[in-house]
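Here is the file input.cif (mmCIF, C-alpha atoms).
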```cif
data_target
loop_
_atom_site.label_atom_id
_atom_site.label_comp_id
_atom_site.auth_asym_id
_atom_site.auth_seq_id
_atom_site.Cartn_x
_atom_site.Cartn_y
_atom_site.Cartn_z
CA MET A 14 1.96 -56.51 32.73
CA LYS A 15 -0.13 -57.35 29.70
CA LYS A 16 -3.23 -55.78 31.28
CA ILE A 17 -1.37 -52.53 31.96
CA THR A 18 -0.28 -52.30 28.28
CA ILE A 19 -3.86 -52.71 27.08
CA ILE A 20 -5.08 -49.96 29.43
CA CYS A 21 -2.37 -47.55 28.24
CA LEU A 22 -3.20 -48.17 24.60
CA ALA A 23 -6.91 -47.57 25.27
CA PHE A 24 -6.11 -44.31 27.02
CA ALA A 25 -3.92 -43.23 24.10
CA PHE A 26 -6.71 -43.91 21.60
CA LEU A 27 -9.19 -42.00 23.78
CA TRP A 28 -6.81 -39.04 24.09
CA ALA A 29 -6.27 -39.00 20.31
CA GLY A 30 -10.03 -39.03 19.66
CA CYS A 31 -10.52 -36.09 22.01
CA LYS A 32 -7.76 -33.95 20.54
CA ARG A 33 -8.36 -30.26 21.13
CA VAL A 34 -8.51 -27.88 18.17
CA ASN A 35 -7.36 -24.27 18.31
CA VAL A 36 -10.71 -22.55 17.57
CA ASP A 37 -10.97 -18.84 16.83
CA PHE A 38 -12.75 -16.39 14.54
CA THR A 39 -12.97 -12.69 13.69
CA TYR A 40 -15.82 -10.61 12.32
CA SER A 41 -16.30 -7.44 10.33
CA PRO A 42 -17.35 -4.75 10.64
CA THR A 43 -16.14 -4.64 14.23
CA GLU A 44 -18.93 -2.20 15.20
CA PRO A 45 -21.92 -3.47 13.23
CA ARG A 46 -25.32 -1.82 13.23
CA ALA A 47 -28.72 -3.41 13.33
CA GLY A 48 -29.71 -4.50 9.84
CA GLN A 49 -26.10 -4.62 8.63
CA ALA A 50 -24.60 -7.92 7.42
CA VAL A 51 -21.73 -9.15 9.60
CA LYS A 52 -19.12 -11.41 7.98
CA PHE A 53 -17.55 -14.06 10.26
CA ASN A 54 -14.08 -15.32 9.34
CA ASN A 55 -13.29 -18.79 10.73
CA LEU A 56 -9.61 -18.95 11.75
CA THR A 57 -9.72 -22.61 12.80
CA ASN A 58 -7.14 -24.59 10.79
CA GLU A 59 -8.49 -28.04 11.69
CA GLY A 60 -11.89 -29.68 11.91
CA GLU A 61 -14.67 -30.61 9.51
CA ASP A 62 -17.96 -29.59 11.12
CA TRP A 63 -18.89 -26.06 12.12
CA ASN A 64 -21.70 -25.02 14.44
CA TRP A 65 -22.35 -21.33 14.97
CA ASP A 66 -24.64 -19.88 17.64
CA PHE A 67 -25.12 -16.12 17.07
CA GLY A 68 -26.75 -15.51 20.43
CA ASP A 69 -30.05 -14.30 18.96
CA LYS A 70 -31.63 -17.74 18.37
CA ALA A 71 -30.00 -17.95 14.94
CA TYR A 72 -27.55 -20.68 13.89
CA SER A 73 -25.34 -21.71 10.97
CA VAL A 74 -23.21 -24.67 9.87
CA VAL A 75 -21.29 -22.72 7.21
CA LYS A 76 -17.56 -22.37 7.77
CA ASN A 77 -17.51 -18.60 7.11
CA PRO A 78 -21.08 -17.38 7.51
CA SER A 79 -22.70 -13.94 7.32
CA HIS A 80 -25.36 -12.91 9.78
CA THR A 81 -27.59 -9.86 10.23
CA PHE A 82 -28.64 -8.83 13.73
CA LYS A 83 -32.09 -7.25 13.65
CA LYS A 84 -31.86 -5.41 16.96
CA ALA A 85 -29.20 -3.44 18.77
CA GLY A 86 -27.64 -5.16 21.76
CA THR A 87 -24.80 -7.36 23.01
CA TYR A 88 -24.60 -10.90 21.66
CA VAL A 89 -22.30 -13.80 22.60
CA VAL A 90 -21.36 -15.58 19.36
CA THR A 91 -20.03 -19.12 19.78
CA LEU A 92 -18.29 -21.42 17.28
CA MET A 93 -18.14 -25.17 18.03
CA VAL A 94 -15.89 -27.42 15.90
CA ASP A 95 -16.64 -31.09 15.24
CA SER A 96 -19.55 -31.01 17.73
CA ALA A 97 -17.11 -31.11 20.65
CA ASN A 98 -17.85 -28.92 23.67
CA TYR A 99 -14.12 -28.56 24.36
CA ASN A 100 -13.54 -27.21 20.82
CA THR A 101 -15.38 -23.92 21.21
CA CYS A 102 -14.65 -20.23 21.04
CA SER A 103 -16.90 -17.30 21.99
CA HIS A 104 -16.70 -13.58 21.30
CA THR A 105 -19.00 -10.79 22.41
CA VAL A 106 -20.42 -8.76 19.53
CA THR A 107 -21.94 -5.35 20.27
CA VAL A 108 -24.56 -4.28 17.72
CA TYR A 109 -25.41 -0.59 17.58
CA ASP A 110 -28.54 1.24 16.49
CA THR A 111 -28.95 2.06 12.81
CA ILE A 112 -28.16 5.57 11.61
CA PRO A 113 -30.77 6.69 9.07
CA THR A 114 -29.37 8.46 6.03
CA PHE A 115 -30.19 8.95 2.36
CA VAL A 116 -28.45 7.72 -0.77
CA CYS A 117 -28.05 9.18 -4.27
CA SER A 118 -28.69 7.35 -7.53
CA THR A 119 -25.27 8.44 -8.85
CA ASP A 120 -21.86 9.18 -7.37
CA SER A 121 -21.26 12.09 -9.77
CA ILE A 122 -24.07 14.62 -9.85
CA CYS A 123 -24.14 16.91 -12.90
CA HIS A 124 -26.27 20.02 -13.31
CA TYR A 125 -29.51 19.74 -15.30
CA THR A 126 -29.31 15.95 -14.90
CA ASP A 127 -31.92 14.07 -12.88
CA VAL A 128 -30.76 12.45 -9.66
CA VAL A 129 -32.85 10.40 -7.22
CA PHE A 130 -32.50 10.78 -3.44
CA THR A 131 -33.82 7.89 -1.34
CA ALA A 132 -34.07 7.69 2.45
CA ASN A 133 -32.29 4.67 3.92
CA VAL A 134 -33.60 3.58 7.33
CA TYR A 135 -33.77 0.10 8.85
CA ASN A 136 -37.31 -0.49 10.10
CA PRO A 137 -37.80 -4.25 10.75
CA TYR A 138 -40.77 -3.78 13.07
CA GLY A 139 -42.77 -1.49 10.83
CA TYR A 140 -42.63 1.64 12.98
CA LYS A 141 -44.34 4.72 11.53
CA LEU A 142 -41.91 6.76 9.44
CA THR A 143 -42.24 10.32 8.16
CA TYR A 144 -39.88 12.23 5.89
CA GLN A 145 -39.23 15.92 5.29
CA TRP A 146 -36.76 17.08 2.64
CA GLU A 147 -35.24 20.56 2.42
CA LEU A 148 -33.63 21.61 -0.87
CA PRO A 149 -31.53 24.66 -1.80
CA GLU A 150 -32.97 27.21 -4.20
CA SER A 151 -30.99 25.93 -7.19
CA CYS A 152 -32.31 22.37 -6.69
CA VAL A 153 -35.53 21.73 -8.59
CA LEU A 154 -38.00 19.00 -7.57
CA VAL A 155 -38.90 16.87 -10.62
CA ALA A 156 -40.86 13.94 -9.20
CA GLY A 157 -42.27 13.06 -5.80
CA ASP A 158 -43.20 15.19 -2.83
CA LEU A 159 -40.98 16.66 -0.13
CA GLN A 160 -42.68 14.28 2.32
CA ASP A 161 -41.90 11.18 0.24
CA LYS A 162 -39.23 8.58 0.96
CA SER A 163 -37.74 9.08 -2.51
CA ILE A 164 -37.61 12.20 -4.70
CA SER A 165 -36.13 13.11 -8.09
CA VAL A 166 -34.40 16.48 -8.55
CA TYR A 167 -31.95 18.37 -10.73
CA PHE A 168 -29.57 21.27 -10.04
CA LYS A 169 -29.52 24.45 -12.12
CA GLU A 170 -25.97 25.42 -11.16
CA TYR A 171 -22.64 23.64 -10.86
CA ASN A 172 -19.13 23.78 -9.37
CA THR A 173 -20.39 24.42 -5.88
CA ALA A 174 -21.44 22.45 -2.81
CA TYR A 175 -25.12 22.18 -1.94
CA PRO A 176 -26.59 21.16 1.44
CA ILE A 177 -29.43 18.62 1.22
CA SER A 178 -31.40 18.06 4.41
CA LEU A 179 -33.73 15.24 5.37
CA THR A 180 -35.52 14.78 8.68
CA ILE A 181 -36.71 11.23 9.40
CA THR A 182 -39.10 10.60 12.27
CA GLN A 183 -39.40 6.99 13.47
CA ASN A 184 -42.12 6.78 16.12
CA ASP A 185 -40.96 9.44 18.62
CA LYS A 186 -37.32 9.52 17.49
CA VAL A 187 -36.21 12.32 15.18
CA TYR A 188 -33.14 11.91 12.96
CA PRO A 189 -31.91 15.13 11.27
CA ILE A 190 -29.65 14.30 8.30
CA GLN A 191 -27.64 16.72 6.23
CA ARG A 192 -25.25 15.96 3.39
CA THR A 193 -23.21 18.36 1.29
CA LEU A 194 -23.12 17.36 -2.36
CA HIS A 195 -20.86 18.66 -5.13
CA VAL A 196 -22.47 19.29 -8.51
CA TYR A 197 -20.38 19.10 -11.68
CA GLU A 198 -20.86 20.77 -15.04
CA THR A 199 -22.65 18.93 -17.83
CA LYS A 200 -21.20 19.39 -21.32
CA ALA A 201 -23.92 20.01 -23.91
CA PRO A 202 -24.68 21.60 -27.30
CA ALA A 203 -25.92 25.19 -27.32
CA ILE A 204 -28.27 27.46 -29.22
CA VAL A 205 -26.28 30.55 -30.27
CA MET A 206 -28.28 33.77 -30.64
CA GLU A 207 -27.18 37.12 -32.01
CA MET A 208 -29.25 40.10 -30.89
CA VAL A 209 -30.22 43.08 -33.04
CA ASP A 210 -27.54 45.08 -31.16
CA ASN A 211 -24.93 42.44 -32.17
CA THR A 212 -24.48 41.00 -28.69
CA VAL A 213 -24.29 37.19 -28.67
CA LEU A 214 -25.73 34.72 -26.15
CA HIS A 215 -25.78 30.96 -25.96
CA GLN A 216 -28.26 28.65 -24.27
CA ARG A 217 -27.18 25.06 -23.64
CA MET A 218 -29.62 22.18 -24.18
CA ILE A 219 -28.90 19.64 -21.43
CA ASN A 220 -30.89 16.41 -21.55
CA ASP A 221 -34.52 17.57 -21.42
CA TYR A 222 -33.65 20.91 -19.80
CA LEU A 223 -32.51 24.34 -20.94
CA GLU A 224 -29.81 26.28 -19.18
CA ASP A 225 -30.41 30.01 -18.74
CA PRO A 226 -28.92 32.10 -21.59
CA ALA A 227 -25.38 33.35 -20.99
CA ASN A 228 -22.74 35.34 -22.83
CA ALA A 229 -21.35 33.35 -25.77
CA SER A 230 -17.77 32.18 -26.04
CA THR A 231 -15.39 33.21 -28.82
CA GLU A 232 -16.01 29.86 -30.51
CA ASP A 233 -19.75 30.48 -30.57
CA VAL A 234 -19.36 33.99 -31.99
CA HIS A 235 -17.03 32.77 -34.75
CA MET A 236 -19.51 30.06 -35.69
CA LEU A 237 -22.37 32.54 -35.94
CA GLU A 238 -20.32 34.99 -38.02
CA LEU A 239 -19.81 32.29 -40.68
CA TYR A 240 -23.50 31.52 -40.89
CA SER A 241 -26.22 33.36 -42.84
CA ASP A 242 -29.87 32.53 -42.24
CA THR A 243 -31.03 34.31 -45.40
CA SER A 244 -29.70 31.64 -47.79
CA VAL A 245 -29.32 27.85 -47.93
CA THR A 246 -27.39 25.51 -50.21
CA PHE A 247 -28.82 22.20 -51.40
CA ASN A 248 -27.35 19.89 -54.08
CA SER A 249 -24.71 22.54 -54.88
CA VAL A 250 -27.40 25.17 -55.50
CA THR A 251 -27.69 28.22 -53.25
CA PHE A 252 -31.17 29.56 -52.59
CA TYR A 253 -31.50 33.17 -51.43
CA ALA A 254 -34.49 34.38 -49.47
CA SER A 255 -34.88 37.40 -51.70
CA ASN A 256 -34.97 35.27 -54.90
CA MET A 257 -37.68 32.76 -54.03
CA HIS A 258 -40.43 34.52 -56.04
CA ASP A 259 -40.68 31.72 -58.62
CA ILE A 260 -41.58 29.17 -55.95
CA PHE A 261 -43.52 31.53 -53.67
CA PRO A 262 -44.78 34.42 -55.80
CA ASN A 263 -47.12 35.73 -53.10
CA HIS A 264 -44.58 35.82 -50.27
CA ASN A 265 -41.77 38.26 -49.56
CA ILE A 266 -39.35 35.88 -47.85
CA LEU A 267 -37.02 37.40 -45.25
CA ARG A 268 -35.47 34.32 -43.69
CA LEU A 269 -35.03 30.87 -45.23
CA GLN A 270 -34.17 27.35 -44.02
CA ILE A 271 -34.48 23.88 -45.55
CA ASP A 272 -35.16 20.32 -44.35
CA PRO A 273 -33.72 18.20 -47.19
CA MET A 274 -34.74 14.89 -45.59
CA ALA A 275 -38.44 15.77 -45.57
CA GLN A 276 -38.19 18.01 -48.66
CA LYS A 277 -39.50 21.08 -46.78
CA TRP A 278 -38.96 24.82 -46.89
CA TYR A 279 -39.21 26.90 -43.72
CA PHE A 280 -39.37 30.66 -44.21
CA ILE A 281 -40.26 33.86 -42.43
CA THR A 282 -42.15 36.74 -44.01
CA ASN A 283 -43.81 39.83 -42.57
CA GLU A 284 -46.80 37.57 -41.90
CA GLY A 285 -44.86 35.06 -39.76
CA LEU A 286 -43.27 31.61 -40.07
CA PHE A 287 -44.42 29.13 -42.75
CA VAL A 288 -43.64 25.62 -43.95
CA ALA A 289 -44.08 24.33 -47.51
CA ASN A 290 -43.07 21.42 -49.74
CA PHE A 291 -40.14 21.78 -52.17
CA ASN A 292 -42.49 22.47 -55.07
CA GLY A 293 -44.12 25.34 -53.16
CA GLU A 294 -47.34 23.46 -52.40
CA ASN A 295 -49.15 23.05 -49.08
CA ILE A 296 -48.02 26.30 -47.50
CA VAL A 297 -49.00 26.24 -43.83
CA ALA A 298 -48.54 28.98 -41.23
CA ILE A 299 -46.66 27.88 -38.12
CA ASP A 300 -46.46 31.08 -36.07
CA THR A 301 -47.71 34.54 -37.04
CA GLU A 302 -45.53 36.07 -34.29
CA ALA A 303 -42.20 35.03 -35.90
CA THR A 304 -39.98 38.08 -36.30
CA GLY A 305 -36.29 37.24 -36.67
CA GLY A 306 -33.82 34.36 -36.54
CA LEU A 307 -34.67 30.95 -38.02
CA TYR A 308 -32.78 27.66 -37.83
CA VAL A 309 -33.42 24.01 -38.74
CA ASP A 310 -31.59 21.56 -36.47
CA MET A 311 -31.40 18.23 -38.29
CA GLN A 312 -29.52 16.51 -35.47
CA ARG A 313 -32.26 17.16 -32.92
CA ASN A 314 -35.09 17.19 -35.46
CA LYS A 315 -36.20 20.69 -34.42
CA ILE A 316 -36.80 24.14 -35.81
CA TYR A 317 -36.02 27.30 -33.80
CA TRP A 318 -37.29 30.80 -34.50
CA ALA A 319 -37.42 34.22 -32.84
CA THR A 320 -40.55 36.09 -31.77
CA ASN A 321 -41.31 39.17 -29.68
CA SER A 322 -42.14 36.73 -26.85
CA GLY A 323 -38.77 34.97 -27.08
CA LEU A 324 -37.14 31.95 -28.72
CA LYS A 325 -39.54 29.18 -29.76
CA ALA A 326 -38.94 25.61 -30.94
CA MET A 327 -40.86 22.59 -32.15
CA PRO A 328 -40.20 19.28 -33.98
CA LEU A 329 -39.74 19.40 -37.74
CA ILE A 330 -42.91 18.71 -39.70
CA LYS A 331 -42.95 15.44 -41.65
CA SER A 332 -46.50 15.19 -43.04
CA LYS A 333 -47.09 15.75 -46.77
CA ASN A 334 -49.84 18.27 -46.14
CA ASN A 335 -47.67 20.06 -43.52
CA GLN A 336 -50.38 19.90 -40.87
CA PHE A 337 -49.12 19.60 -37.27
CA ALA A 338 -50.58 19.34 -33.78
CA THR A 339 -47.51 20.21 -31.71
CA THR A 340 -47.62 23.39 -29.64
CA PRO A 341 -44.35 25.33 -29.94
CA ALA A 342 -42.26 25.49 -26.77
CA LEU A 343 -40.90 28.79 -25.46
CA TYR A 344 -37.16 28.37 -24.78
CA ASN A 345 -36.51 31.86 -23.38
CA THR A 346 -38.11 35.31 -23.23
CA ILE A 347 -35.49 37.27 -25.19
CA SER A 348 -37.37 39.52 -27.63
CA THR A 349 -34.49 40.90 -29.74
CA ILE A 350 -33.02 37.76 -31.38
CA ASP A 351 -31.87 38.41 -34.95
CA ARG A 352 -29.95 35.26 -35.90
CA ILE A 353 -29.84 31.67 -34.60
CA VAL A 354 -27.51 28.70 -35.02
CA VAL A 355 -26.86 25.52 -33.00
CA ASN A 356 -23.33 24.64 -31.92
CA ASN A 357 -23.34 20.86 -31.62
CA SER A 358 -19.91 20.60 -30.00
CA TYR A 359 -20.17 19.72 -26.33
CA HIS A 360 -18.92 22.60 -24.23
#
```
Starting from the file, give its structure as structure tokens.
Amino acid sequence: MKKITIICLAFAFLWAGCKRVNVDFTYSPTEPRAGQAVKFNNLTNEGEDWNWDFGDKAYSVVKNPSHTFKKAGTYVVTLMVDSANYNTCSHTVTVYDTIPTFVCSTDSICHYTDVVFTANVYNPYGYKLTYQWELPESCVLVAGDLQDKSISVYFKEYNTAYPISLTITQNDKVYPIQRTLHVYETKAPAIVMEMVDNTVLHQRMINDYLEDPANASTEDVHMLELYSDTSVTFNSVTFYASNMHDIFPNHNILRLQIDPMAQKWYFITNEGLFVANFNGENIVAIDTEATGGLYVDMQRNKIYWATNSGLKAMPLIKSKNNQFATTPALYNTISTIDRIVVNNSYH
């Protein structure tokens, strides 16, 4: 009787040491692709040691591991708990081929704002890849080549959907990709221009780009009506272009602007656009083609003026002798601009 009791106790201890654990796990995404990280969620509520076999000669001892399958195929993933063969669970994971695509550097694309497109293709074995981008007419290539993996562009128009196409060739497989992207409006300050026939246009300055001139809003027109480019006020004194003979006795000044920070005069005569110091010294010709409107933009550190070729602009001159090396930039080709002002409100 005593021997039988000892045997029963031994069997009980052995049964307790071999206690089965309810082993299970899930994974996401449920349809992973090659090169995509798969997260495994261990649902086992008992145990201390975890041994994962992902079926592709990769292993892990982490309770909730992540794993990336490099190739498409079917894999049997097994979890063993506490190194016990009877505490195992296996699931079949089907891994699909990658789908090449391209990504944008921003979720919200605005017109006249640079955006980078980059091809996204999983290529673990170094297969030969070629790229071919196709852009709509309003999309301007800024950097890169249409055969590059990554390109930088901007859009000239907004509030519409644009198709962007990319063809990726991987060895002998061709992947045509097309995405439709919405482009939003960028708010920006504008150059307001009144023509000699009294029509008014505005041209927005967006980042480093210039929008095409368009009809001005009522706000722009009202702003221009209050502004006169034949006189300026400085330190409570108003200077009129027609009364500058004491400072510039040899110049018949038609248009006048001032840069109080640098102590400069900018003025237009029949001979063109000039710059000079406050005391009238160091008069330097800027552009002999200047004909009409003139404006100093302190906020952007620029001067704008009209010519028969169109609107020109350049940085304000800061040197004492008024010498400069900057070539004026042509902002548009409108030849009948009479007055200019900058509306700095973003619209």
- Task: On this file, the PyMOL selection byres ((chain A and resi 178) around 6) gives some set of residues; write that set as JSON, numbers by chain.
- Result: {"A": [146, 147, 177, 179, 190, 191]}
Contacts of segment 190-276 of chain A with segment 284-298 of chain A up to 12 Å, shortest pair per row, all atoms listed in the file, as a tab-separated table:
```
residue	atom	partner	partner_atom	distance
A:Phe247	CA	A:Phe291	CA	11.4
A:Phe252	CA	A:Phe291	CA	11.9
A:Met257	CA	A:Gly293	CA	9.9
A:His258	CA	A:Gly293	CA	10.3
A:Asp259	CA	A:Gly293	CA	9.1
A:Ile260	CA	A:Gly293	CA	5.4
A:Phe261	CA	A:Gly293	CA	6.2
A:Pro262	CA	A:Gly293	CA	9.5
A:Asn263	CA	A:Gly293	CA	10.8
A:His264	CA	A:Glu284	CA	8.8
A:Asn265	CA	A:Glu284	CA	9.2
A:Ile266	CA	A:Glu284	CA	9.7
A:Leu267	CA	A:Gly285	CA	9.9
A:Arg268	CA	A:Leu286	CA	9.0
A:Leu269	CA	A:Leu286	CA	9.8
A:Gln270	CA	A:Val288	CA	9.6
A:Ile271	CA	A:Phe291	CA	9.0
A:Asp272	CA	A:Phe291	CA	9.4
A:Pro273	CA	A:Phe291	CA	8.9
A:Met274	CA	A:Phe291	CA	11.0
A:Ala275	CA	A:Asn290	CA	8.4
A:Gln276	CA	A:Phe291	CA	5.5
```
- Item | Residues within 10 Å of Asp210 of chain A, only C-alpha atoms, excluding chain neighbours under 3 positions, as a ChimeraX atom specification | /A:207,213,349-351
- Query: So how far away is atom CA of Tyr188 of chain A from atom CA of Thr119 of chain A, in Å?
  - Reply: 23.4 Å
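In this model, the gap between atom CA of Lys141 of chain A and atom CA of His80 of chain A comes to 26.0 Å.
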- Item | Option closest in space to Asn334 of chain A, from A:Glu59, A:Asn184, A:Lys277, A:Gly48 [counting only C-alpha atoms] | A:Lys277
- Item | Residues matched by the PyMOL selection byres ((chain A and resi 75) around 8) as an MDAnalysis selection string | chainID A and resid 63:65 73:74 76:78
- Task: Can you turn the PyMOL selection byres ((chain A and resi 302) around 6) into a concrete residue list for this file, as a ChimeraX atom specification?
- Result: /A:285,300-301,303,320
Those same residues, written as an mmCIF file, in the coordinates of the input with C-alpha atoms?
```cif
data_model
loop_
_atom_site.group_PDB
_atom_site.id
_atom_site.type_symbol
_atom_site.label_atom_id
_atom_site.label_comp_id
_atom_site.auth_asym_id
_atom_site.auth_seq_id
_atom_site.Cartn_x
_atom_site.Cartn_y
_atom_site.Cartn_z
ATOM 1 C CA GLY A 285 -44.860 35.060 -39.760
ATOM 2 C CA ASP A 300 -46.460 31.080 -36.070
ATOM 3 C CA THR A 301 -47.710 34.540 -37.040
ATOM 4 C CA ALA A 303 -42.200 35.030 -35.900
ATOM 5 C CA THR A 320 -40.550 36.090 -31.770
#
```
- Message: Restricting the calculation to all atoms listed in the file: of A:Ala132, A:Cys152, A:Ile281, A:Val34, which residue gets closest to Asp95 of chain A?
- Response: A:Val34
In the coordinate frame of the file, compute which residues have an atom within 12 Å of (-31.2, 18.3, -36.6) when using only C-alpha atoms, and state them as a PDB file with C-alpha atoms, in the coordinates of the input.
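Dumped to out.pdb:
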```pdb
ATOM      1  CA  PRO A 202     -24.680  21.600 -27.300  1.00  0.00           C
ATOM      2  CA  ILE A 271     -34.480  23.880 -45.550  1.00  0.00           C
ATOM      3  CA  ASP A 272     -35.160  20.320 -44.350  1.00  0.00           C
ATOM      4  CA  PRO A 273     -33.720  18.200 -47.190  1.00  0.00           C
ATOM      5  CA  MET A 274     -34.740  14.890 -45.590  1.00  0.00           C
ATOM      6  CA  ALA A 275     -38.440  15.770 -45.570  1.00  0.00           C
ATOM      7  CA  TYR A 308     -32.780  27.660 -37.830  1.00  0.00           C
ATOM      8  CA  VAL A 309     -33.420  24.010 -38.740  1.00  0.00           C
ATOM      9  CA  ASP A 310     -31.590  21.560 -36.470  1.00  0.00           C
ATOM     10  CA  MET A 311     -31.400  18.230 -38.290  1.00  0.00           C
ATOM     11  CA  GLN A 312     -29.520  16.510 -35.470  1.00  0.00           C
ATOM     12  CA  ARG A 313     -32.260  17.160 -32.920  1.00  0.00           C
ATOM     13  CA  ASN A 314     -35.090  17.190 -35.460  1.00  0.00           C
ATOM     14  CA  LYS A 315     -36.200  20.690 -34.420  1.00  0.00           C
ATOM     15  CA  ILE A 316     -36.800  24.140 -35.810  1.00  0.00           C
ATOM     16  CA  TYR A 317     -36.020  27.300 -33.800  1.00  0.00           C
ATOM     17  CA  MET A 327     -40.860  22.590 -32.150  1.00  0.00           C
ATOM     18  CA  PRO A 328     -40.200  19.280 -33.980  1.00  0.00           C
ATOM     19  CA  LEU A 329     -39.740  19.400 -37.740  1.00  0.00           C
ATOM     20  CA  VAL A 354     -27.510  28.700 -35.020  1.00  0.00           C
ATOM     21  CA  VAL A 355     -26.860  25.520 -33.000  1.00  0.00           C
ATOM     22  CA  ASN A 356     -23.330  24.640 -31.920  1.00  0.00           C
ATOM     23  CA  ASN A 357     -23.340  20.860 -31.620  1.00  0.00           C
TER      24      ASN A 357
END
```
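Restricting the calculation to only C-alpha atoms, the smallest distance between Thr107 of chain A and any of A:Cys123, A:Arg46, A:Leu154, A:Gly60 is found for A:Arg46.
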- Considering all atoms listed in the file, state which residue in the set A:Arg217, A:Val129, A:Leu237, A:Glu61 is at the smallest distance from Ser96 of chain A.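 Looking at the shortest contact to Ser96 of chain A, the residue is A:Glu61.
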- Query: Nearest to Asn54 of chain A: which of A:Phe38, A:Tyr222, A:Tyr167, A:Tyr344 is it, counting only C-alpha atoms?
  - Reply: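 Going through A:Phe38, A:Tyr222, A:Tyr167, A:Tyr344 one by one, the smallest distance to Asn54 of chain A is for A:Phe38.
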- Can you list, as an MDAnalysis selection string, every protein, DNA or RNA residue that comes within 12 Å of Ser103 of chain A when you count only C-alpha atoms, leaving out same-chain residues fewer than 2 positions away? chainID A and resid 36:40 55 64:68 88:94 98:101 105:106
Since the input is missing atoms, can you rebuild N, CA and C atoms for segment 251-264 of chain A and write them as a tab-separated table (two decimals), keeping the file's coordinate frame?
```
chain	number	residue	atom	x	y	z
A	251	THR	N	-27.41	27.31	-54.35
A	251	THR	CA	-27.69	28.22	-53.25
A	251	THR	C	-29.00	28.94	-53.51
A	252	PHE	N	-29.87	28.88	-52.50
A	252	PHE	CA	-31.17	29.56	-52.59
A	252	PHE	C	-31.14	30.78	-51.66
A	253	TYR	N	-31.47	31.94	-52.20
A	253	TYR	CA	-31.50	33.17	-51.43
A	253	TYR	C	-32.93	33.54	-51.11
A	254	ALA	N	-33.13	34.03	-49.89
A	254	ALA	CA	-34.49	34.38	-49.47
A	254	ALA	C	-35.12	35.40	-50.40
A	255	SER	N	-34.33	36.33	-50.87
A	255	SER	CA	-34.88	37.40	-51.70
A	255	SER	C	-35.20	36.95	-53.12
A	256	ASN	N	-34.75	35.74	-53.52
A	256	ASN	CA	-34.97	35.27	-54.90
A	256	ASN	C	-35.84	34.03	-54.97
A	257	MET	N	-36.80	33.92	-54.06
A	257	MET	CA	-37.68	32.76	-54.03
A	257	MET	C	-39.04	33.05	-54.66
A	258	HIS	N	-39.13	34.11	-55.48
A	258	HIS	CA	-40.43	34.52	-56.04
A	258	HIS	C	-41.01	33.48	-56.99
A	259	ASP	N	-40.16	32.72	-57.68
A	259	ASP	CA	-40.68	31.72	-58.62
A	259	ASP	C	-41.42	30.60	-57.89
A	260	ILE	N	-40.92	30.24	-56.71
A	260	ILE	CA	-41.58	29.17	-55.95
A	260	ILE	C	-42.72	29.73	-55.11
A	261	PHE	N	-42.52	30.92	-54.54
A	261	PHE	CA	-43.52	31.53	-53.67
A	261	PHE	C	-43.81	32.96	-54.15
A	262	PRO	N	-44.56	33.10	-55.21
A	262	PRO	CA	-44.78	34.42	-55.80
A	262	PRO	C	-45.56	35.37	-54.91
A	263	ASN	N	-46.28	34.87	-53.94
A	263	ASN	CA	-47.12	35.73	-53.10
A	263	ASN	C	-46.51	36.01	-51.73
A	264	HIS	N	-45.22	35.63	-51.57
A	264	HIS	CA	-44.58	35.82	-50.27
A	264	HIS	C	-43.25	36.53	-50.43
```
